[in-house]
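Student: Got a structure for you, written out below as structure tokens; questions coming shortly.
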Amino acid sequence: MKLSVIGAGYVGLTTAACLAQVGHDVFCSESDVEKLSKLQNGVMPLFEPHLEDVIKGIREVGRLHFGSTEEAIVWADVIFICVGTPPLANGDADLSAIEGVARVIAKRATGYRLVIEKSTVPVQTGAQLQKHLSVLSTNGLKYDVASNPEFLREGTSVEDFLHPDRIVIGADSPRATQLLSEIYEPIVKQKFACPIHSDCAKRKEPVFLVTDTGSAELIKHASNSFLAMKISFINMVANLCEAVGADVTRVAQGMGLDPRIGPAFLNPGIGFGGFCFPKDVQAFIRIAEKSGCDFSLLKEVEKINQRRVEHFVEKVRKELWVLRGKKIAIWGLAFKPNTDDVRFAPSIALVKSLLDESADVRAYDPEAMEKAKSVLPNITYCSTPYEAAEGADAIVIVTEWEEFRQMDWNRLLSIVEQPLVIDGRNVFNPEEISGKGFRYVSIGRVDASPDGPTVRENIDSSPRTGNRIQEVPA
Ligand code: UGA
């Protein structure tokens with residue numbers, strides 16, 4: 001089937017490439033001319049595992065084309081909107097890009113169009129879109145609007161798109177449902193040439209869930225907010241573990257064994273980032289507020305996440321005391337591994353906070369340094385993790401890239417100023433690193449040094465002075 005995708009960000013580009021991979025003839029548009037020119041010339045504007053190979057392969061067989069929004073609207077009866085919905089100052093999602101696309105559709109469409117929202121949008125955006133298309137359209141054409149929220153994660157987007165757990169369709173017309181069923185048939189039946197796995201025929205068929213448009217819109221925001229809540233929850237449990245000398249890894253493992261809880265998204269750390277969770281939690285709070293529901297639970301989720309970096313900086317201060325002039329190696333800038341995305345990455349707030357205290361920050365990330373340079377221009381970028389660690393008073397792990405699990409710790413020991421690792425993602429077992437001669441501080445676990453573990457004890461919990469933490473040998 002001929003399909004159009006508007007917007008070539010992480011979601012749009014993956015959607016376009018994967019729909020072409022499963023057999024459709026896809027036109028993907030991008031309004032940023034520099035990005036469009038890169039795509040037309042076979043240059044990737046972003047890093048996402050497997051995506052470049054998929055795009056190369058399907059362009060060779062002529063099933064993926066890039067161009068303008070106007071061209072995309074003329075190209076197909078089915079249009080996926082994948083434009084950005086960034087946060088406004090008040091937390092609302094900015095829907096101006098979606099509204100802009102609706103205008104072009106109303107002006108340029110040459111016949112029936114099924115307009116599908118794939119961008120994350122507040123509930124009732126579909127209804128607004130339907131209303132605006134009718135009002136703006138002067139040629140009496142028929143439009144259907146459907147919601148098809150995307151659940152892919154950056155870093156595994158191709159795999160998530162081709163092998164999803166569920167495909168959610170919110171459609172209020174039989175024609176829209178029928179078209180979307182046809183589009184997704186190869187994925188629902190898992191019948192396509194998989195560019196990633198050789199054994200994907202054995203894979204499970206996803207659930208194809210059809211609802212009304214509003215419910216589908218809510219499924220997306222509710223899912224992201226729930227996952228964010230799980231992360232903030234385990235982060236608070238981690239704080240409690242630190243206060244009482246327990247181990248959050250074991251607590252999370254024990255909790256996750258209950259199938260009602262499940263083990264996923266119980267990794268504590270320096271907080272969730274990226275262009276989805278922080279803005280979607282904010283937007284969901286606003287949607288609830290506007291609908292007369294006080295979703296204060298999510299306000300706490302947000303607050304807990306905002307405090308993560310400060311809590312982490314406190315750990316750095318506790319180890320290094322005065323930060324002025326201290327050399328700090330930052331390993332990882334991306335908001336998670338396998339992406340070059342630094343939007344709302346905890347690394348940004350962390351580095352800014354260290355710079356405020358005049359620390360000397362030397363950073364390394366395998367993919368995200370180019371994107372980080374525009375937000376953090378005043379730090380030293382290094383071409384290897386070893387270079388960042390040279391003369392460092394602390395190695396601080398912010399993103400759990402696989403590369404950091406493969407380091408030569410003897411080499412590191414010989415080049416650092418102080419053998420100290422402060423791990424914001426619990427990449428290692430404490431004994432593993434302390435056994436290499438480093439002091440190891442992580443999240444929600446007992447700190448470990450070459451002389452043995454050190455537990456933190458609450459020695460003063462009087463309301464006047466607050467909790468003070470003292471280290472005592474275990
Ligand atoms: C998230 C959702 O997982 C996707 O389902 C959704 O489609 C996407 O948002 C979106 O709305 O577009 P993504 O932001 O790519 O995907 O990344 P996640 O893997 O969900 O991680 C988000 C953040 O949470 C990262 O900073 C990660 O480090 C953090 N995280 C995740 C934790 O701190 N602990 C965990 O246990 C899991």
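Each chain in the structure tokens gets a letter, A, B, ..., in the order shown, and its residues are numbered from 1; ligands are numbered from 1 in order too.
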Would you kindly return, as a PDB file with all heavy atoms, in the first residue's frame, each protein, DNA or RNA residue with an atom no farther than 8 Å from any atom of Ala228 of chain A, considering only C-alpha atoms and excluding same-chain residues fewer than 6 positions away?
Tutor:
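Once written, around-v9.pdb looks like this:
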```pdb
ATOM      1  N   PHE A 272      15.103   9.431  35.025  1.00  0.00           N
ATOM      2  CA  PHE A 272      14.728   9.211  33.623  1.00  0.00           C
ATOM      3  C   PHE A 272      14.865  10.508  32.841  1.00  0.00           C
ATOM      4  O   PHE A 272      14.644  11.593  33.361  1.00  0.00           O
ATOM      5  CB  PHE A 272      13.325   8.603  33.494  1.00  0.00           C
ATOM      6  CG  PHE A 272      12.205   9.399  34.125  1.00  0.00           C
ATOM      7  CD1 PHE A 272      11.679  10.538  33.522  1.00  0.00           C
ATOM      8  CD2 PHE A 272      11.642   8.982  35.330  1.00  0.00           C
ATOM      9  CE1 PHE A 272      10.635  11.245  34.096  1.00  0.00           C
ATOM     10  CE2 PHE A 272      10.592   9.690  35.919  1.00  0.00           C
ATOM     11  CZ  PHE A 272      10.092  10.824  35.294  1.00  0.00           C
ATOM     12  N   PHE A 277       9.508  10.562  28.455  1.00  0.00           N
ATOM     13  CA  PHE A 277       8.982  10.507  29.826  1.00  0.00           C
ATOM     14  C   PHE A 277       8.839  11.890  30.477  1.00  0.00           C
ATOM     15  O   PHE A 277       7.763  12.215  30.978  1.00  0.00           O
ATOM     16  CB  PHE A 277       9.840   9.602  30.708  1.00  0.00           C
ATOM     17  CG  PHE A 277       9.645   8.128  30.448  1.00  0.00           C
ATOM     18  CD1 PHE A 277      10.427   7.180  31.083  1.00  0.00           C
ATOM     19  CD2 PHE A 277       8.671   7.672  29.576  1.00  0.00           C
ATOM     20  CE1 PHE A 277      10.255   5.835  30.856  1.00  0.00           C
ATOM     21  CE2 PHE A 277       8.486   6.323  29.330  1.00  0.00           C
ATOM     22  CZ  PHE A 277       9.285   5.403  29.980  1.00  0.00           C
ATOM     23  N   VAL A 281       4.961  12.951  31.140  1.00  0.00           N
ATOM     24  CA  VAL A 281       4.423  12.996  32.511  1.00  0.00           C
ATOM     25  C   VAL A 281       3.831  14.383  32.754  1.00  0.00           C
ATOM     26  O   VAL A 281       2.696  14.523  33.239  1.00  0.00           O
ATOM     27  CB  VAL A 281       5.518  12.660  33.554  1.00  0.00           C
ATOM     28  CG1 VAL A 281       5.035  12.953  34.971  1.00  0.00           C
ATOM     29  CG2 VAL A 281       5.934  11.204  33.450  1.00  0.00           C
ATOM     30  N   VAL A 301       5.950  11.893  41.066  1.00  0.00           N
ATOM     31  CA  VAL A 301       6.851  11.160  40.164  1.00  0.00           C
ATOM     32  C   VAL A 301       7.839  12.144  39.544  1.00  0.00           C
ATOM     33  O   VAL A 301       9.052  11.902  39.484  1.00  0.00           O
ATOM     34  CB  VAL A 301       6.025  10.449  39.059  1.00  0.00           C
ATOM     35  CG1 VAL A 301       6.913   9.932  37.932  1.00  0.00           C
ATOM     36  CG2 VAL A 301       5.200   9.313  39.665  1.00  0.00           C
TER      37      VAL A 301
END
```
Student: As a tab-separated table (two decimals) with C-alpha atoms, in the first residue's frame, please: every protein or nucleic acid residue near ligand 1 (cut-off 7 Å, counting only C-alpha atoms and all ligand atoms).
Tutor:
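The resulting result.tsv:
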```tsv
chain	number	residue	atom	x	y	z
A	11	VAL	CA	9.63	7.78	15.50
A	120	THR	CA	2.22	11.46	21.40
A	150	GLU	CA	3.90	4.27	19.08
A	151	PHE	CA	5.60	2.38	21.89
A	152	LEU	CA	9.08	2.03	20.41
A	153	ARG	CA	12.11	2.94	22.52
A	154	GLU	CA	15.09	4.81	21.19
A	155	GLY	CA	18.06	2.49	20.88
A	224	ASN	CA	4.61	6.27	29.64
A	228	ALA	CA	8.00	6.74	34.77
A	231	ILE	CA	11.29	4.34	37.92
A	264	ALA	CA	11.27	-4.35	34.00
A	265	PHE	CA	11.83	-0.66	34.72
A	266	LEU	CA	12.99	-1.24	38.26
A	267	ASN	CA	16.55	-0.09	37.63
A	268	PRO	CA	17.35	2.79	39.96
A	269	GLY	CA	19.66	5.55	38.81
A	270	ILE	CA	20.23	9.21	38.21
A	271	GLY	CA	16.69	9.60	36.83
A	272	PHE	CA	14.73	9.21	33.62
A	273	GLY	CA	15.41	11.52	30.70
A	274	GLY	CA	14.81	11.70	26.97
A	275	PHE	CA	12.18	13.40	24.90
A	276	CYS	CA	9.33	11.18	26.10
A	277	PHE	CA	8.98	10.51	29.83
A	335	PHE	CA	19.87	9.84	28.10
A	336	LYS	CA	20.23	6.06	27.67
A	345	ALA	CA	19.34	13.76	29.58
```
Student: Considering only C-alpha atoms, can you say which of A:Val78, A:Ala102, A:Val396, A:Leu297 comes closest to Lys327 of chain A?
Tutor: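 Nearest candidate to Lys327 of chain A out of A:Val78, A:Ala102, A:Val396, A:Leu297: A:Val396.
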Student: Compile the contact shell of Thr384 of chain A as a ChimeraX atom specification: residues with an atom at most 12 Å away, counting only C-alpha atoms, same-chain residues fewer than 3 positions apart removed.
Tutor: /A:329-332,362-367,369,380-381,387-390,403-404,407,412
Student: Quick one: distance from atom CA of Pro87 of chain A to atom CA of Ser137 of chain A in Å, one decimal?
Tutor: 28.3 Å
Student: Can you list, as number ranges by chain, all residues belonging to segment 130-356 of chain A that DSSP tags as helix (DSSP H, G or I)?
Tutor: A: 130-136, 157-162, 174-188, 200-202, 213-244, 248-256, 277-290, 296-320, 346-356
Student: Under the rule that only C-alpha atoms are counted, which of A:Ile116, A:Leu39, A:Ile397, A:Val248 is the nearest residue to Ser147 of chain A?
Tutor: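 Of the candidates, the smallest distance to Ser147 of chain A is held by A:Ile116.
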Student: Where in segment 348-428 of chain A does DSSP assign strand (DSSP E), given as an MDAnalysis selection string?
Tutor: chainID A and resid 360:364 380:381 394:397 420:423
Student: Identify which of the residues A:Ser31, A:Ser225, A:Asn426, A:Ser119 lies closest to Lys299 of chain A, counting only C-alpha atoms when measuring atom-to-atom distances.
Tutor: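 Once distances to Lys299 of chain A are computed over only C-alpha atoms, the minimum belongs to A:Ser225.
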Student: Kindly give the distance, in Å, that separates atom CA of Arg445 of chain A and atom CA of Phe226 of chain A, rounded to a single decimal.
Tutor: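 Computing the Euclidean distance for atom CA of Arg445 of chain A and atom CA of Phe226 of chain A yields 24.7 Å.
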Student: Using atom CA of Ser414 of chain A and atom CA of Val313 of chain A as the two end points, give the distance in Å to one decimal.
Tutor: 25.5 Å
Student: Can you tell me, as a PDB file with all heavy atoms, in the first residue's frame, what residues are no more than 12 Å from Gln128 of chain A when counting only C-alpha atoms, ignoring any on the same chain fewer than 3 positions away?
Tutor:
```pdb
ATOM      1  N   LEU A  95       1.083  21.644  20.166  1.00  0.00           N
ATOM      2  CA  LEU A  95       0.508  20.914  19.030  1.00  0.00           C
ATOM      3  C   LEU A  95       0.577  21.720  17.739  1.00  0.00           C
ATOM      4  O   LEU A  95      -0.097  21.387  16.761  1.00  0.00           O
ATOM      5  CB  LEU A  95      -0.949  20.543  19.346  1.00  0.00           C
ATOM      6  CG  LEU A  95      -1.137  19.677  20.605  1.00  0.00           C
ATOM      7  CD1 LEU A  95      -2.612  19.408  20.857  1.00  0.00           C
ATOM      8  CD2 LEU A  95      -0.391  18.362  20.466  1.00  0.00           C
ATOM      9  N   ILE A  98       1.417  19.799  14.561  1.00  0.00           N
ATOM     10  CA  ILE A  98       0.304  18.944  14.086  1.00  0.00           C
ATOM     11  C   ILE A  98      -0.737  19.806  13.381  1.00  0.00           C
ATOM     12  O   ILE A  98      -1.232  19.460  12.299  1.00  0.00           O
ATOM     13  CB  ILE A  98      -0.332  18.177  15.272  1.00  0.00           C
ATOM     14  CG1 ILE A  98       0.710  17.208  15.829  1.00  0.00           C
ATOM     15  CG2 ILE A  98      -1.629  17.485  14.854  1.00  0.00           C
ATOM     16  CD1 ILE A  98       0.193  16.136  16.728  1.00  0.00           C
ATOM     17  N   GLU A  99      -1.020  20.955  13.977  1.00  0.00           N
ATOM     18  CA  GLU A  99      -2.000  21.852  13.373  1.00  0.00           C
ATOM     19  C   GLU A  99      -1.511  22.314  12.000  1.00  0.00           C
ATOM     20  O   GLU A  99      -2.280  22.399  11.035  1.00  0.00           O
ATOM     21  CB  GLU A  99      -2.233  23.041  14.315  1.00  0.00           C
ATOM     22  CG  GLU A  99      -3.509  23.813  14.054  1.00  0.00           C
ATOM     23  CD  GLU A  99      -3.257  25.095  13.256  1.00  0.00           C
ATOM     24  OE1 GLU A  99      -2.098  25.374  12.916  1.00  0.00           O
ATOM     25  OE2 GLU A  99      -4.234  25.780  12.961  1.00  0.00           O
ATOM     26  N   ALA A 102      -2.122  19.668   9.489  1.00  0.00           N
ATOM     27  CA  ALA A 102      -3.563  19.605   9.148  1.00  0.00           C
ATOM     28  C   ALA A 102      -3.901  20.652   8.082  1.00  0.00           C
ATOM     29  O   ALA A 102      -4.659  20.383   7.144  1.00  0.00           O
ATOM     30  CB  ALA A 102      -4.401  19.826  10.406  1.00  0.00           C
ATOM     31  N   GLU A 117      -2.602   9.836  13.850  1.00  0.00           N
ATOM     32  CA  GLU A 117      -1.681  10.476  14.803  1.00  0.00           C
ATOM     33  C   GLU A 117      -0.780   9.392  15.379  1.00  0.00           C
ATOM     34  O   GLU A 117      -1.272   8.467  16.012  1.00  0.00           O
ATOM     35  CB  GLU A 117      -2.383  11.073  16.012  1.00  0.00           C
ATOM     36  CG  GLU A 117      -3.703  11.709  15.874  1.00  0.00           C
ATOM     37  CD  GLU A 117      -4.426  11.758  17.233  1.00  0.00           C
ATOM     38  OE1 GLU A 117      -4.421  10.784  18.017  1.00  0.00           O
ATOM     39  OE2 GLU A 117      -5.003  12.803  17.466  1.00  0.00           O
ATOM     40  N   VAL A 121       0.111  12.598  21.761  1.00  0.00           N
ATOM     41  CA  VAL A 121      -0.746  13.789  21.857  1.00  0.00           C
ATOM     42  C   VAL A 121      -1.736  13.652  23.011  1.00  0.00           C
ATOM     43  O   VAL A 121      -2.080  12.538  23.404  1.00  0.00           O
ATOM     44  CB  VAL A 121      -1.562  13.976  20.546  1.00  0.00           C
ATOM     45  CG1 VAL A 121      -0.658  14.398  19.408  1.00  0.00           C
ATOM     46  CG2 VAL A 121      -2.343  12.732  20.180  1.00  0.00           C
ATOM     47  N   PRO A 122      -2.213  14.767  23.540  1.00  0.00           N
ATOM     48  CA  PRO A 122      -3.225  14.694  24.595  1.00  0.00           C
ATOM     49  C   PRO A 122      -4.523  14.078  24.087  1.00  0.00           C
ATOM     50  O   PRO A 122      -4.824  14.174  22.888  1.00  0.00           O
ATOM     51  CB  PRO A 122      -3.461  16.160  24.973  1.00  0.00           C
ATOM     52  CG  PRO A 122      -2.377  16.938  24.332  1.00  0.00           C
ATOM     53  CD  PRO A 122      -1.823  16.137  23.219  1.00  0.00           C
ATOM     54  N   VAL A 123      -5.254  13.458  25.011  1.00  0.00           N
ATOM     55  CA  VAL A 123      -6.545  12.874  24.629  1.00  0.00           C
ATOM     56  C   VAL A 123      -7.427  13.975  24.032  1.00  0.00           C
ATOM     57  O   VAL A 123      -7.362  15.125  24.454  1.00  0.00           O
ATOM     58  CB  VAL A 123      -7.209  12.177  25.850  1.00  0.00           C
ATOM     59  CG1 VAL A 123      -7.481  13.142  26.996  1.00  0.00           C
ATOM     60  CG2 VAL A 123      -8.483  11.443  25.447  1.00  0.00           C
ATOM     61  N   GLN A 124      -8.175  13.625  23.039  1.00  0.00           N
ATOM     62  CA  GLN A 124      -9.088  14.492  22.282  1.00  0.00           C
ATOM     63  C   GLN A 124      -8.407  15.279  21.162  1.00  0.00           C
ATOM     64  O   GLN A 124      -9.050  16.060  20.481  1.00  0.00           O
ATOM     65  CB  GLN A 124      -9.884  15.437  23.184  1.00  0.00           C
ATOM     66  CG  GLN A 124     -10.944  14.648  23.955  1.00  0.00           C
ATOM     67  CD  GLN A 124     -11.616  15.400  25.064  1.00  0.00           C
ATOM     68  OE1 GLN A 124     -11.269  16.535  25.372  1.00  0.00           O
ATOM     69  NE2 GLN A 124     -12.599  14.773  25.669  1.00  0.00           N
ATOM     70  N   THR A 125      -7.097  15.042  20.966  1.00  0.00           N
ATOM     71  CA  THR A 125      -6.438  15.702  19.834  1.00  0.00           C
ATOM     72  C   THR A 125      -7.030  15.184  18.523  1.00  0.00           C
ATOM     73  O   THR A 125      -7.216  15.949  17.564  1.00  0.00           O
ATOM     74  CB  THR A 125      -4.911  15.454  19.865  1.00  0.00           C
ATOM     75  OG1 THR A 125      -4.418  15.937  21.105  1.00  0.00           O
ATOM     76  CG2 THR A 125      -4.195  16.161  18.722  1.00  0.00           C
ATOM     77  N   LYS A 131     -12.156  17.859  13.477  1.00  0.00           N
ATOM     78  CA  LYS A 131     -12.947  19.083  13.355  1.00  0.00           C
ATOM     79  C   LYS A 131     -12.221  20.103  12.458  1.00  0.00           C
ATOM     80  O   LYS A 131     -12.810  20.671  11.537  1.00  0.00           O
ATOM     81  CB  LYS A 131     -13.158  19.677  14.760  1.00  0.00           C
ATOM     82  CG  LYS A 131     -14.224  20.743  14.828  1.00  0.00           C
ATOM     83  CD  LYS A 131     -14.538  21.076  16.270  1.00  0.00           C
ATOM     84  CE  LYS A 131     -14.182  22.528  16.521  1.00  0.00           C
ATOM     85  NZ  LYS A 131     -14.056  22.856  17.930  1.00  0.00           N
ATOM     86  N   HIS A 132     -10.906  20.273  12.711  1.00  0.00           N
ATOM     87  CA  HIS A 132     -10.152  21.261  11.934  1.00  0.00           C
ATOM     88  C   HIS A 132     -10.045  20.896  10.473  1.00  0.00           C
ATOM     89  O   HIS A 132     -10.102  21.757   9.608  1.00  0.00           O
ATOM     90  CB  HIS A 132      -8.771  21.487  12.546  1.00  0.00           C
ATOM     91  CG  HIS A 132      -8.808  22.534  13.603  1.00  0.00           C
ATOM     92  ND1 HIS A 132      -9.403  22.309  14.830  1.00  0.00           N
ATOM     93  CD2 HIS A 132      -8.392  23.814  13.598  1.00  0.00           C
ATOM     94  CE1 HIS A 132      -9.327  23.413  15.532  1.00  0.00           C
ATOM     95  NE2 HIS A 132      -8.728  24.341  14.815  1.00  0.00           N
ATOM     96  N   LEU A 133      -9.870  19.602  10.212  1.00  0.00           N
ATOM     97  CA  LEU A 133      -9.772  19.188   8.805  1.00  0.00           C
ATOM     98  C   LEU A 133     -11.071  19.526   8.079  1.00  0.00           C
ATOM     99  O   LEU A 133     -11.061  20.015   6.941  1.00  0.00           O
ATOM    100  CB  LEU A 133      -9.474  17.685   8.701  1.00  0.00           C
ATOM    101  CG  LEU A 133      -8.022  17.294   8.995  1.00  0.00           C
ATOM    102  CD1 LEU A 133      -7.896  15.793   9.167  1.00  0.00           C
ATOM    103  CD2 LEU A 133      -7.087  17.778   7.886  1.00  0.00           C
ATOM    104  N   SER A 134     -12.209  19.299   8.718  1.00  0.00           N
ATOM    105  CA  SER A 134     -13.505  19.608   8.077  1.00  0.00           C
ATOM    106  C   SER A 134     -13.655  21.110   7.871  1.00  0.00           C
ATOM    107  O   SER A 134     -14.103  21.564   6.820  1.00  0.00           O
ATOM    108  CB  SER A 134     -14.679  19.126   8.928  1.00  0.00           C
ATOM    109  OG  SER A 134     -14.397  17.912   9.474  1.00  0.00           O
ATOM    110  N   VAL A 135     -13.232  21.886   8.903  1.00  0.00           N
ATOM    111  CA  VAL A 135     -13.392  23.344   8.806  1.00  0.00           C
ATOM    112  C   VAL A 135     -12.452  23.927   7.742  1.00  0.00           C
ATOM    113  O   VAL A 135     -12.850  24.760   6.925  1.00  0.00           O
ATOM    114  CB  VAL A 135     -13.104  24.003  10.187  1.00  0.00           C
ATOM    115  CG1 VAL A 135     -13.045  25.516  10.077  1.00  0.00           C
ATOM    116  CG2 VAL A 135     -14.154  23.577  11.198  1.00  0.00           C
ATOM    117  N   LEU A 136     -11.205  23.444   7.738  1.00  0.00           N
ATOM    118  CA  LEU A 136     -10.196  24.024   6.838  1.00  0.00           C
ATOM    119  C   LEU A 136     -10.379  23.587   5.382  1.00  0.00           C
ATOM    120  O   LEU A 136     -10.000  24.292   4.453  1.00  0.00           O
ATOM    121  CB  LEU A 136      -8.787  23.606   7.288  1.00  0.00           C
ATOM    122  CG  LEU A 136      -8.299  24.158   8.629  1.00  0.00           C
ATOM    123  CD1 LEU A 136      -7.039  23.437   9.080  1.00  0.00           C
ATOM    124  CD2 LEU A 136      -8.008  25.653   8.500  1.00  0.00           C
ATOM    125  N   VAL A 145      -9.836  10.304  10.930  1.00  0.00           N
ATOM    126  CA  VAL A 145      -8.680  10.508  11.813  1.00  0.00           C
ATOM    127  C   VAL A 145      -8.609   9.303  12.738  1.00  0.00           C
ATOM    128  O   VAL A 145      -9.624   8.861  13.283  1.00  0.00           O
ATOM    129  CB  VAL A 145      -8.833  11.812  12.624  1.00  0.00           C
ATOM    130  CG1 VAL A 145      -7.746  11.907  13.700  1.00  0.00           C
ATOM    131  CG2 VAL A 145      -8.770  13.028  11.706  1.00  0.00           C
ATOM    132  N   ALA A 146      -7.407   8.753  12.881  1.00  0.00           N
ATOM    133  CA  ALA A 146      -7.220   7.615  13.793  1.00  0.00           C
ATOM    134  C   ALA A 146      -6.000   7.871  14.658  1.00  0.00           C
ATOM    135  O   ALA A 146      -5.134   8.679  14.314  1.00  0.00           O
ATOM    136  CB  ALA A 146      -7.028   6.333  12.995  1.00  0.00           C
ATOM    137  N   THR A 213     -10.810   6.424  19.490  1.00  0.00           N
ATOM    138  CA  THR A 213      -9.621   7.275  19.355  1.00  0.00           C
ATOM    139  C   THR A 213      -9.136   7.806  20.713  1.00  0.00           C
ATOM    140  O   THR A 213      -7.945   7.755  21.018  1.00  0.00           O
ATOM    141  CB  THR A 213      -9.925   8.463  18.412  1.00  0.00           C
ATOM    142  OG1 THR A 213     -10.510   7.938  17.235  1.00  0.00           O
ATOM    143  CG2 THR A 213      -8.680   9.226  18.039  1.00  0.00           C
ATOM    144  N   GLY A 214     -10.045   8.296  21.532  1.00  0.00           N
ATOM    145  CA  GLY A 214      -9.664   8.893  22.821  1.00  0.00           C
ATOM    146  C   GLY A 214      -8.970   7.876  23.723  1.00  0.00           C
ATOM    147  O   GLY A 214      -7.960   8.197  24.369  1.00  0.00           O
TER     148      GLY A 214
END
```
Student: Under the rule that only C-alpha atoms are counted, which of A:Val5, A:Ile73, A:Leu179, A:Gly444 is the nearest residue to Ala252 of chain A?
Tutor: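 Nearest candidate to Ala252 of chain A out of A:Val5, A:Ile73, A:Leu179, A:Gly444: A:Gly444.
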